[in-house]
Structures are given as structure tokens and as C-alpha cells.
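*Asks:* Okay, so here is entry_27.txt, and as you'll see once you scroll down, it has compact mmCIF, N, CA and C atoms.
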# COMPACT_ATOMS: atom_id res chain seq x y z
N MET A 1 -51.44 60.58 49.27
CA MET A 1 -51.62 60.70 47.85
C MET A 1 -50.50 61.52 47.22
N PHE A 2 -50.08 62.53 47.94
CA PHE A 2 -49.02 63.39 47.44
C PHE A 2 -47.70 62.62 47.38
N ASP A 3 -47.46 61.68 48.29
CA ASP A 3 -46.24 60.90 48.31
C ASP A 3 -46.14 59.96 47.12
N GLU A 4 -47.23 59.42 46.66
CA GLU A 4 -47.22 58.51 45.53
C GLU A 4 -46.81 59.21 44.25
N MET A 5 -47.08 60.42 44.09
CA MET A 5 -46.75 61.16 42.88
C MET A 5 -45.26 61.51 42.82
N ASN A 6 -44.59 61.62 43.96
CA ASN A 6 -43.18 61.99 43.99
C ASN A 6 -42.26 60.78 43.80
N GLU A 7 -42.75 59.55 43.86
CA GLU A 7 -41.92 58.37 43.70
C GLU A 7 -41.47 58.22 42.25
N ASP A 8 -40.25 57.67 42.08
CA ASP A 8 -39.74 57.41 40.73
C ASP A 8 -40.50 56.24 40.12
N PRO A 9 -40.82 56.34 38.85
CA PRO A 9 -41.51 55.20 38.21
C PRO A 9 -40.53 54.04 38.03
N ARG A 10 -40.95 52.84 38.31
CA ARG A 10 -40.10 51.66 38.19
C ARG A 10 -40.76 50.66 37.26
N LEU A 11 -39.90 50.04 36.45
CA LEU A 11 -40.39 48.98 35.57
C LEU A 11 -40.08 47.64 36.22
N ASP A 12 -41.01 46.75 36.18
CA ASP A 12 -40.79 45.41 36.70
C ASP A 12 -40.22 44.56 35.57
N LEU A 13 -38.91 44.21 35.67
CA LEU A 13 -38.22 43.47 34.62
C LEU A 13 -38.25 41.96 34.85
N THR A 14 -38.90 41.52 35.86
CA THR A 14 -38.93 40.10 36.18
C THR A 14 -39.51 39.28 35.03
N SER A 15 -40.60 39.74 34.47
CA SER A 15 -41.23 39.01 33.36
C SER A 15 -40.31 38.97 32.13
N LEU A 16 -39.67 40.09 31.85
CA LEU A 16 -38.76 40.15 30.69
C LEU A 16 -37.59 39.20 30.88
N ILE A 17 -37.01 39.16 32.07
CA ILE A 17 -35.89 38.26 32.35
C ILE A 17 -36.34 36.81 32.24
N ASP A 18 -37.53 36.50 32.73
CA ASP A 18 -38.05 35.13 32.61
C ASP A 18 -38.21 34.71 31.16
N VAL A 19 -38.73 35.59 30.33
CA VAL A 19 -38.92 35.27 28.91
C VAL A 19 -37.57 35.07 28.22
N ILE A 20 -36.62 35.91 28.49
CA ILE A 20 -35.29 35.78 27.87
C ILE A 20 -34.63 34.48 28.31
N PHE A 21 -34.74 34.16 29.59
CA PHE A 21 -34.18 32.92 30.11
C PHE A 21 -34.83 31.71 29.44
N MET A 22 -36.11 31.72 29.25
CA MET A 22 -36.80 30.61 28.58
C MET A 22 -36.36 30.50 27.12
N LEU A 23 -36.16 31.62 26.44
CA LEU A 23 -35.67 31.58 25.06
C LEU A 23 -34.27 30.99 24.98
N VAL A 24 -33.41 31.36 25.91
CA VAL A 24 -32.06 30.81 25.93
C VAL A 24 -32.12 29.30 26.12
N ILE A 25 -32.93 28.85 27.06
CA ILE A 25 -33.07 27.41 27.30
C ILE A 25 -33.60 26.72 26.05
N PHE A 26 -34.59 27.30 25.39
CA PHE A 26 -35.15 26.71 24.18
C PHE A 26 -34.09 26.55 23.10
N PHE A 27 -33.32 27.61 22.84
CA PHE A 27 -32.32 27.54 21.78
C PHE A 27 -31.17 26.58 22.12
N VAL A 28 -30.79 26.51 23.36
CA VAL A 28 -29.74 25.58 23.75
C VAL A 28 -30.21 24.14 23.60
N MET A 29 -31.45 23.88 23.97
CA MET A 29 -31.97 22.51 23.90
C MET A 29 -32.22 22.06 22.46
N THR A 30 -32.53 22.97 21.56
CA THR A 30 -32.83 22.59 20.18
C THR A 30 -31.62 22.70 19.26
N MET A 31 -30.51 23.20 19.77
CA MET A 31 -29.32 23.36 18.94
C MET A 31 -28.70 21.99 18.65
N THR A 32 -28.27 21.80 17.41
CA THR A 32 -27.58 20.56 17.07
C THR A 32 -26.08 20.82 17.19
N PHE A 33 -25.41 19.89 17.83
CA PHE A 33 -23.98 20.02 18.03
C PHE A 33 -23.26 19.25 16.93
N ALA A 34 -22.56 19.96 16.09
CA ALA A 34 -21.80 19.33 15.01
C ALA A 34 -20.36 19.16 15.46
N SER A 35 -19.72 18.13 14.94
CA SER A 35 -18.31 17.94 15.27
C SER A 35 -17.51 19.05 14.60
N PRO A 36 -16.54 19.61 15.31
CA PRO A 36 -15.79 20.72 14.74
C PRO A 36 -14.89 20.28 13.59
N VAL A 37 -14.75 21.13 12.62
CA VAL A 37 -13.85 20.88 11.50
C VAL A 37 -12.58 21.67 11.77
N LEU A 38 -11.49 20.95 11.92
CA LEU A 38 -10.23 21.58 12.28
C LEU A 38 -9.27 21.59 11.09
N ASP A 39 -8.61 22.69 10.93
CA ASP A 39 -7.56 22.80 9.92
C ASP A 39 -6.25 22.42 10.59
N VAL A 40 -5.76 21.21 10.31
CA VAL A 40 -4.58 20.69 10.99
C VAL A 40 -3.40 20.67 10.04
N THR A 41 -2.30 21.24 10.48
CA THR A 41 -1.05 21.18 9.72
C THR A 41 -0.09 20.27 10.48
N LEU A 42 0.25 19.16 9.89
CA LEU A 42 1.15 18.20 10.51
C LEU A 42 2.50 18.26 9.83
N PRO A 43 3.54 17.84 10.36
CA PRO A 43 3.79 17.53 11.75
C PRO A 43 4.67 18.60 12.37
N LYS A 44 4.30 19.16 13.47
CA LYS A 44 5.13 20.07 14.26
C LYS A 44 4.87 19.74 15.73
N ALA A 45 5.90 19.80 16.53
CA ALA A 45 5.76 19.51 17.96
C ALA A 45 6.65 20.43 18.76
N GLY A 46 6.17 20.83 19.90
CA GLY A 46 6.94 21.71 20.77
C GLY A 46 7.99 20.96 21.57
N HIS A 47 7.70 19.71 21.89
CA HIS A 47 8.63 18.90 22.67
C HIS A 47 9.03 17.71 21.84
N SER A 48 10.29 17.60 21.56
CA SER A 48 10.76 16.48 20.76
C SER A 48 12.08 15.98 21.34
N GLN A 49 12.39 14.75 21.01
CA GLN A 49 13.64 14.14 21.46
C GLN A 49 14.38 13.60 20.25
N LYS A 50 15.69 13.62 20.34
CA LYS A 50 16.48 13.00 19.29
C LYS A 50 16.57 11.52 19.57
N GLU A 51 16.35 10.72 18.55
CA GLU A 51 16.38 9.26 18.68
C GLU A 51 17.74 8.77 18.22
N ASN A 52 18.28 7.82 18.93
CA ASN A 52 19.57 7.23 18.57
C ASN A 52 19.39 6.45 17.27
N ALA A 53 20.14 6.83 16.23
CA ALA A 53 20.01 6.21 14.92
C ALA A 53 20.43 4.74 14.93
N ARG A 54 21.27 4.33 15.85
CA ARG A 54 21.75 2.95 15.89
C ARG A 54 20.68 1.97 16.38
N THR A 55 19.70 2.43 17.12
CA THR A 55 18.70 1.53 17.66
C THR A 55 17.33 1.75 17.01
N SER A 56 17.31 2.29 15.81
CA SER A 56 16.03 2.55 15.16
C SER A 56 16.13 2.35 13.66
N PHE A 57 14.96 2.18 13.05
CA PHE A 57 14.88 2.17 11.59
C PHE A 57 13.66 2.99 11.20
N GLU A 58 13.63 3.47 9.97
CA GLU A 58 12.65 4.48 9.58
C GLU A 58 11.70 4.01 8.49
N LEU A 59 10.47 4.51 8.59
CA LEU A 59 9.46 4.37 7.54
C LEU A 59 9.01 5.77 7.19
N THR A 60 9.06 6.11 5.91
CA THR A 60 8.67 7.43 5.45
C THR A 60 7.37 7.34 4.66
N VAL A 61 6.44 8.23 4.98
CA VAL A 61 5.20 8.35 4.22
C VAL A 61 5.29 9.65 3.43
N ARG A 62 5.34 9.52 2.11
CA ARG A 62 5.52 10.69 1.25
C ARG A 62 4.21 11.43 1.02
N GLU A 63 4.30 12.57 0.36
CA GLU A 63 3.15 13.44 0.11
C GLU A 63 2.03 12.73 -0.64
N ASP A 64 2.40 11.79 -1.52
CA ASP A 64 1.38 11.08 -2.30
C ASP A 64 0.78 9.90 -1.54
N GLY A 65 1.24 9.66 -0.29
CA GLY A 65 0.69 8.58 0.54
C GLY A 65 1.43 7.27 0.40
N SER A 66 2.52 7.24 -0.37
CA SER A 66 3.28 6.00 -0.54
C SER A 66 4.25 5.81 0.63
N PHE A 67 4.58 4.55 0.90
CA PHE A 67 5.46 4.18 2.01
C PHE A 67 6.85 3.86 1.47
N TRP A 68 7.89 4.36 2.13
CA TRP A 68 9.26 4.19 1.66
C TRP A 68 10.18 3.80 2.80
N ASP A 69 11.12 2.92 2.49
CA ASP A 69 12.21 2.54 3.39
C ASP A 69 13.49 3.03 2.73
N GLY A 70 13.90 4.21 3.05
CA GLY A 70 15.06 4.78 2.38
C GLY A 70 14.74 5.04 0.92
N ARG A 71 15.30 4.23 0.02
CA ARG A 71 15.06 4.42 -1.42
C ARG A 71 14.11 3.39 -1.99
N ASN A 72 13.63 2.46 -1.18
CA ASN A 72 12.75 1.39 -1.66
C ASN A 72 11.31 1.65 -1.25
N GLU A 73 10.41 1.53 -2.22
CA GLU A 73 8.98 1.71 -1.92
C GLU A 73 8.42 0.41 -1.33
N ILE A 74 7.54 0.54 -0.36
CA ILE A 74 6.90 -0.60 0.29
C ILE A 74 5.42 -0.55 -0.04
N ALA A 75 4.89 -1.65 -0.54
CA ALA A 75 3.46 -1.72 -0.83
C ALA A 75 2.68 -1.69 0.47
N GLY A 76 1.49 -1.09 0.44
CA GLY A 76 0.66 -1.01 1.63
C GLY A 76 0.30 -2.37 2.20
N SER A 77 0.17 -3.37 1.33
CA SER A 77 -0.16 -4.72 1.79
C SER A 77 1.01 -5.40 2.48
N ASP A 78 2.25 -4.96 2.20
CA ASP A 78 3.45 -5.54 2.80
C ASP A 78 3.93 -4.77 4.03
N LEU A 79 3.19 -3.76 4.43
CA LEU A 79 3.63 -2.87 5.50
C LEU A 79 3.83 -3.61 6.83
N GLU A 80 2.86 -4.43 7.23
CA GLU A 80 2.98 -5.14 8.50
C GLU A 80 4.14 -6.13 8.49
N GLU A 81 4.32 -6.83 7.37
CA GLU A 81 5.44 -7.77 7.26
C GLU A 81 6.78 -7.03 7.34
N TRP A 82 6.88 -5.87 6.72
CA TRP A 82 8.10 -5.07 6.74
C TRP A 82 8.42 -4.61 8.17
N MET A 83 7.40 -4.28 8.95
CA MET A 83 7.61 -3.78 10.31
C MET A 83 8.06 -4.86 11.28
N LYS A 84 7.93 -6.11 10.91
CA LYS A 84 8.32 -7.21 11.80
C LYS A 84 9.83 -7.36 11.91
N ARG A 85 10.59 -6.73 11.03
CA ARG A 85 12.05 -6.85 11.09
C ARG A 85 12.58 -6.08 12.29
N ASP A 86 13.70 -6.53 12.81
CA ASP A 86 14.38 -5.88 13.94
C ASP A 86 13.41 -5.54 15.08
N PRO A 87 12.85 -6.55 15.75
CA PRO A 87 11.83 -6.30 16.77
C PRO A 87 12.31 -5.50 17.98
N LYS A 88 13.62 -5.48 18.25
CA LYS A 88 14.12 -4.75 19.41
C LYS A 88 14.40 -3.28 19.10
N GLU A 89 14.44 -2.94 17.83
CA GLU A 89 14.72 -1.56 17.45
C GLU A 89 13.42 -0.75 17.40
N THR A 90 13.56 0.55 17.58
CA THR A 90 12.41 1.45 17.54
C THR A 90 12.14 1.88 16.11
N LEU A 91 10.88 1.83 15.72
CA LEU A 91 10.47 2.29 14.40
C LEU A 91 10.21 3.79 14.46
N ILE A 92 10.81 4.54 13.55
CA ILE A 92 10.60 5.98 13.45
C ILE A 92 9.71 6.23 12.23
N LEU A 93 8.55 6.86 12.44
CA LEU A 93 7.66 7.21 11.33
C LEU A 93 7.92 8.65 10.94
N ARG A 94 8.28 8.85 9.69
CA ARG A 94 8.45 10.20 9.15
C ARG A 94 7.32 10.41 8.15
N VAL A 95 6.40 11.28 8.50
CA VAL A 95 5.21 11.49 7.68
C VAL A 95 5.23 12.91 7.15
N ASP A 96 5.13 13.06 5.83
CA ASP A 96 5.07 14.37 5.21
C ASP A 96 3.83 15.11 5.70
N SER A 97 3.95 16.42 5.94
CA SER A 97 2.82 17.19 6.46
C SER A 97 1.65 17.25 5.48
N LYS A 98 1.91 16.99 4.19
CA LYS A 98 0.84 17.01 3.19
C LYS A 98 0.38 15.61 2.81
N ALA A 99 0.87 14.60 3.50
CA ALA A 99 0.48 13.22 3.21
C ALA A 99 -0.98 13.02 3.60
N PRO A 100 -1.69 12.14 2.89
CA PRO A 100 -3.08 11.87 3.26
C PRO A 100 -3.16 11.29 4.67
N PHE A 101 -4.13 11.73 5.43
CA PHE A 101 -4.28 11.26 6.80
C PHE A 101 -4.53 9.76 6.85
N GLU A 102 -5.16 9.23 5.82
CA GLU A 102 -5.43 7.78 5.74
C GLU A 102 -4.12 6.99 5.76
N SER A 103 -3.10 7.47 5.06
CA SER A 103 -1.80 6.79 5.04
C SER A 103 -1.13 6.85 6.41
N PHE A 104 -1.25 8.00 7.07
CA PHE A 104 -0.71 8.15 8.42
C PHE A 104 -1.37 7.15 9.37
N VAL A 105 -2.69 7.06 9.32
CA VAL A 105 -3.43 6.16 10.19
C VAL A 105 -3.06 4.70 9.90
N LYS A 106 -2.89 4.36 8.61
CA LYS A 106 -2.52 2.99 8.25
C LYS A 106 -1.15 2.63 8.83
N ALA A 107 -0.20 3.56 8.74
CA ALA A 107 1.14 3.31 9.27
C ALA A 107 1.11 3.19 10.80
N VAL A 108 0.39 4.06 11.47
CA VAL A 108 0.32 4.02 12.94
C VAL A 108 -0.41 2.76 13.39
N ASP A 109 -1.48 2.40 12.71
CA ASP A 109 -2.24 1.20 13.06
C ASP A 109 -1.37 -0.05 12.94
N ALA A 110 -0.63 -0.14 11.85
CA ALA A 110 0.26 -1.29 11.66
C ALA A 110 1.37 -1.29 12.71
N ALA A 111 1.90 -0.12 13.04
CA ALA A 111 2.97 -0.04 14.04
C ALA A 111 2.45 -0.42 15.42
N LYS A 112 1.24 -0.01 15.76
CA LYS A 112 0.68 -0.37 17.06
C LYS A 112 0.45 -1.88 17.14
N PHE A 113 0.00 -2.48 16.04
CA PHE A 113 -0.29 -3.92 16.04
C PHE A 113 0.99 -4.75 16.04
N VAL A 114 1.89 -4.45 15.12
CA VAL A 114 3.10 -5.27 14.93
C VAL A 114 4.17 -4.94 15.96
N ARG A 115 4.39 -3.66 16.23
CA ARG A 115 5.50 -3.24 17.09
C ARG A 115 5.09 -3.10 18.55
N SER A 116 3.86 -3.39 18.89
CA SER A 116 3.35 -3.27 20.28
C SER A 116 3.60 -1.89 20.86
N GLY A 117 3.44 -0.87 20.03
CA GLY A 117 3.60 0.50 20.50
C GLY A 117 5.02 1.01 20.53
N ARG A 118 6.01 0.22 20.09
CA ARG A 118 7.40 0.68 20.09
C ARG A 118 7.71 1.40 18.79
N PHE A 119 7.20 2.63 18.71
CA PHE A 119 7.49 3.46 17.54
C PHE A 119 7.41 4.91 17.97
N ALA A 120 8.00 5.77 17.16
CA ALA A 120 7.98 7.21 17.41
C ALA A 120 7.63 7.92 16.12
N ILE A 121 7.06 9.10 16.25
CA ILE A 121 6.69 9.90 15.08
C ILE A 121 7.65 11.07 15.02
N ALA A 122 8.38 11.19 13.93
CA ALA A 122 9.34 12.28 13.76
C ALA A 122 8.58 13.55 13.40
N THR A 123 8.98 14.67 14.06
CA THR A 123 8.33 15.94 13.81
C THR A 123 9.38 17.04 13.69
N ASP A 124 8.97 18.18 13.21
CA ASP A 124 9.81 19.37 13.21
C ASP A 124 9.48 20.17 14.45
N LYS A 125 10.50 20.75 15.06
CA LYS A 125 10.28 21.55 16.25
C LYS A 125 9.66 22.89 15.86
N ILE A 126 8.68 23.35 16.64
CA ILE A 126 8.05 24.66 16.39
C ILE A 126 9.04 25.74 16.72
N SER A 127 9.22 26.67 15.79
CA SER A 127 10.14 27.77 16.06
C SER A 127 9.43 28.82 16.92
N PRO A 128 10.14 29.39 17.90
CA PRO A 128 9.50 30.35 18.83
C PRO A 128 9.13 31.65 18.17
Show me this structure written as C-alpha cells.
*Replies:*
Amino acid sequence: MFDEMNEDPRLDLTSLIDVIFMLVIFFVMTMTFASPVLDVTLPKAGHSQKENARTSFELTVREDGSFWDGRNEIAGSDLEEWMKRDPKETLILRVDSKAPFESFVKAVDAAKFVRSGRFAIATDKISP
């Protein structure tokens, strides 16, 4: 009897750990996973290559979403027809970083369809 009084009192934490574990499982199972919203600034790339200007031609997408070939504007409906010229040359897409993403996707989609993937996206190199 005297030995029982000298022992340190101990708390049994097993029940508490079980309850916390069950709460964690409950919250994980009931949590809804939303797609993340990313703030993307285009275009910058760490690895880039210089393209030979003699074997390529360019399409520029301006800030307002319009398509340009040098100084001439290209209508969105004529984009695929315009890309069919010079099939052996590489198409270079120059897209303004503030251009609507919809215009970027339209240009890339047309380039993938018409050019069979023979295109490159011009970017600015990230400064260290």
C-alpha cells in the first residue's frame, strides 16, 4: 500500500490520441479540394535557345489579343490559313505577357493542328 502512494501519477493519453486521430480523418474526408488559383506572369523561361531567323517566321499576339505578322494584322478566323505558309520553316510565337490567355491558347491550338507541332514560343530569359 505504501508503494502505490509513492508512484508518479500518469495520465492515459490513448483515448485523447484516438479522438484527435478520428477528428483528423473526419476533416480530411469531408474537405473539398478546389483547383488552385495561380497568379501566372508570362512569358519568362530559364532555358531558352536562339532560333535561326532564316528558317522561321513569326506570329505576334499583342496585349489586346490581336494577331500580327510583322506590321499586318491577321484575323482570328484566318489564323490557320496563315500558318499553312512555308511548311518547312519553324513558326515562332511571340506572345505579350499581358495578352489574354484565350488568344495564346488559340494560337497554340492552331499551330499544333496546322504545323504538326513545329513551332516555338519566344520568351525572355529570367535574370539571375
*Asks:* Choose the residue, out of A:Arg118, A:Ala111, A:Met22, A:Phe27, that has the smallest atom-to-atom separation from Leu59 (chain A); count only C-alpha atoms.
*Replies:*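 Result for the nearest residue to Leu59 (chain A): A:Ala111.
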*Asks:* I need the residue nearest Asp64 (chain A) from this list: A:Ala120, A:Val105, A:Leu23, A:Val95. Use only C-alpha atoms for the distance.
*Replies:* A:Val95
*Asks:* Tell me which of A:Lys84, A:Arg62, A:Arg71, A:Arg10 sits closest to Ala99 (chain A), counting all atoms listed in the file.
*Replies:*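 Closest residue, counting all atoms listed in the file: A:Arg62.
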*Asks:* Ranking A:Met83, A:Ala75, A:Leu93, A:Val28 by minimum distance to Thr60 (chain A) and counting only N, CA and C atoms, which one comes first?
*Replies:*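 Closest to Thr60 (chain A) of all the choices is A:Leu93.
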*Asks:* Do you have the atom C of Arg85 (chain A)-CA of Asn72 (chain A) distance handy?
*Replies:*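 Between atom C of Arg85 (chain A) and CA of Asn72 (chain A) the gap is 15.8 Å.
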*Asks:* Between atom C of Val19 (chain A) and CA of Glu7 (chain A), measure the distance and give it in Å to one decimal.
*Replies:*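 These two atoms are separated by 28.3 Å.
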*Asks:* How many Å lie between CA of Glu58 (chain A) and CA of Ile92 (chain A), rounded to one decimal?
*Replies:*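 Value for the CA of Glu58 (chain A)-CA of Ile92 (chain A) distance: 4.6 Å.
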*Asks:* Give the answer as one residue: which of A:Asp96, A:Glu73, A:Glu89, A:Asp78 has the shortest atom-to-atom distance to Val61 (chain A), using all atoms listed in the file?
*Replies:*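 Once distances to Val61 (chain A) are computed over all atoms listed in the file, the minimum belongs to A:Asp96.
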*Asks:* For Ala110 (chain A), find every residue with an atom within 8 Å (counting all atoms listed in the file), except residues of its own chain fewer than 6 positions away, and show them as a PDB file with N, CA and C atoms, in the frame of the given file.
*Replies:*
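The new file result_22.pdb reads:
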ATOM      1  N   LEU A  79       3.190  -3.760   4.430  1.00  0.00           N
ATOM      2  CA  LEU A  79       3.630  -2.870   5.500  1.00  0.00           C
ATOM      3  C   LEU A  79       3.830  -3.610   6.830  1.00  0.00           C
ATOM      4  N   GLU A  80       2.860  -4.430   7.230  1.00  0.00           N
ATOM      5  CA  GLU A  80       2.980  -5.140   8.500  1.00  0.00           C
ATOM      6  C   GLU A  80       4.140  -6.130   8.490  1.00  0.00           C
ATOM      7  N   MET A  83       7.400  -4.280   8.950  1.00  0.00           N
ATOM      8  CA  MET A  83       7.610  -3.780  10.310  1.00  0.00           C
ATOM      9  C   MET A  83       8.060  -4.860  11.280  1.00  0.00           C
ATOM     10  N   PHE A 104      -1.250   8.000   7.070  1.00  0.00           N
ATOM     11  CA  PHE A 104      -0.710   8.150   8.420  1.00  0.00           C
ATOM     12  C   PHE A 104      -1.370   7.150   9.370  1.00  0.00           C
ATOM     13  N   SER A 116       3.860  -3.390  18.890  1.00  0.00           N
ATOM     14  CA  SER A 116       3.350  -3.270  20.280  1.00  0.00           C
ATOM     15  C   SER A 116       3.600  -1.890  20.860  1.00  0.00           C
ATOM     16  N   GLY A 117       3.440  -0.870  20.030  1.00  0.00           N
ATOM     17  CA  GLY A 117       3.600   0.500  20.500  1.00  0.00           C
ATOM     18  C   GLY A 117       5.020   1.010  20.530  1.00  0.00           C
TER      19      GLY A 117
END
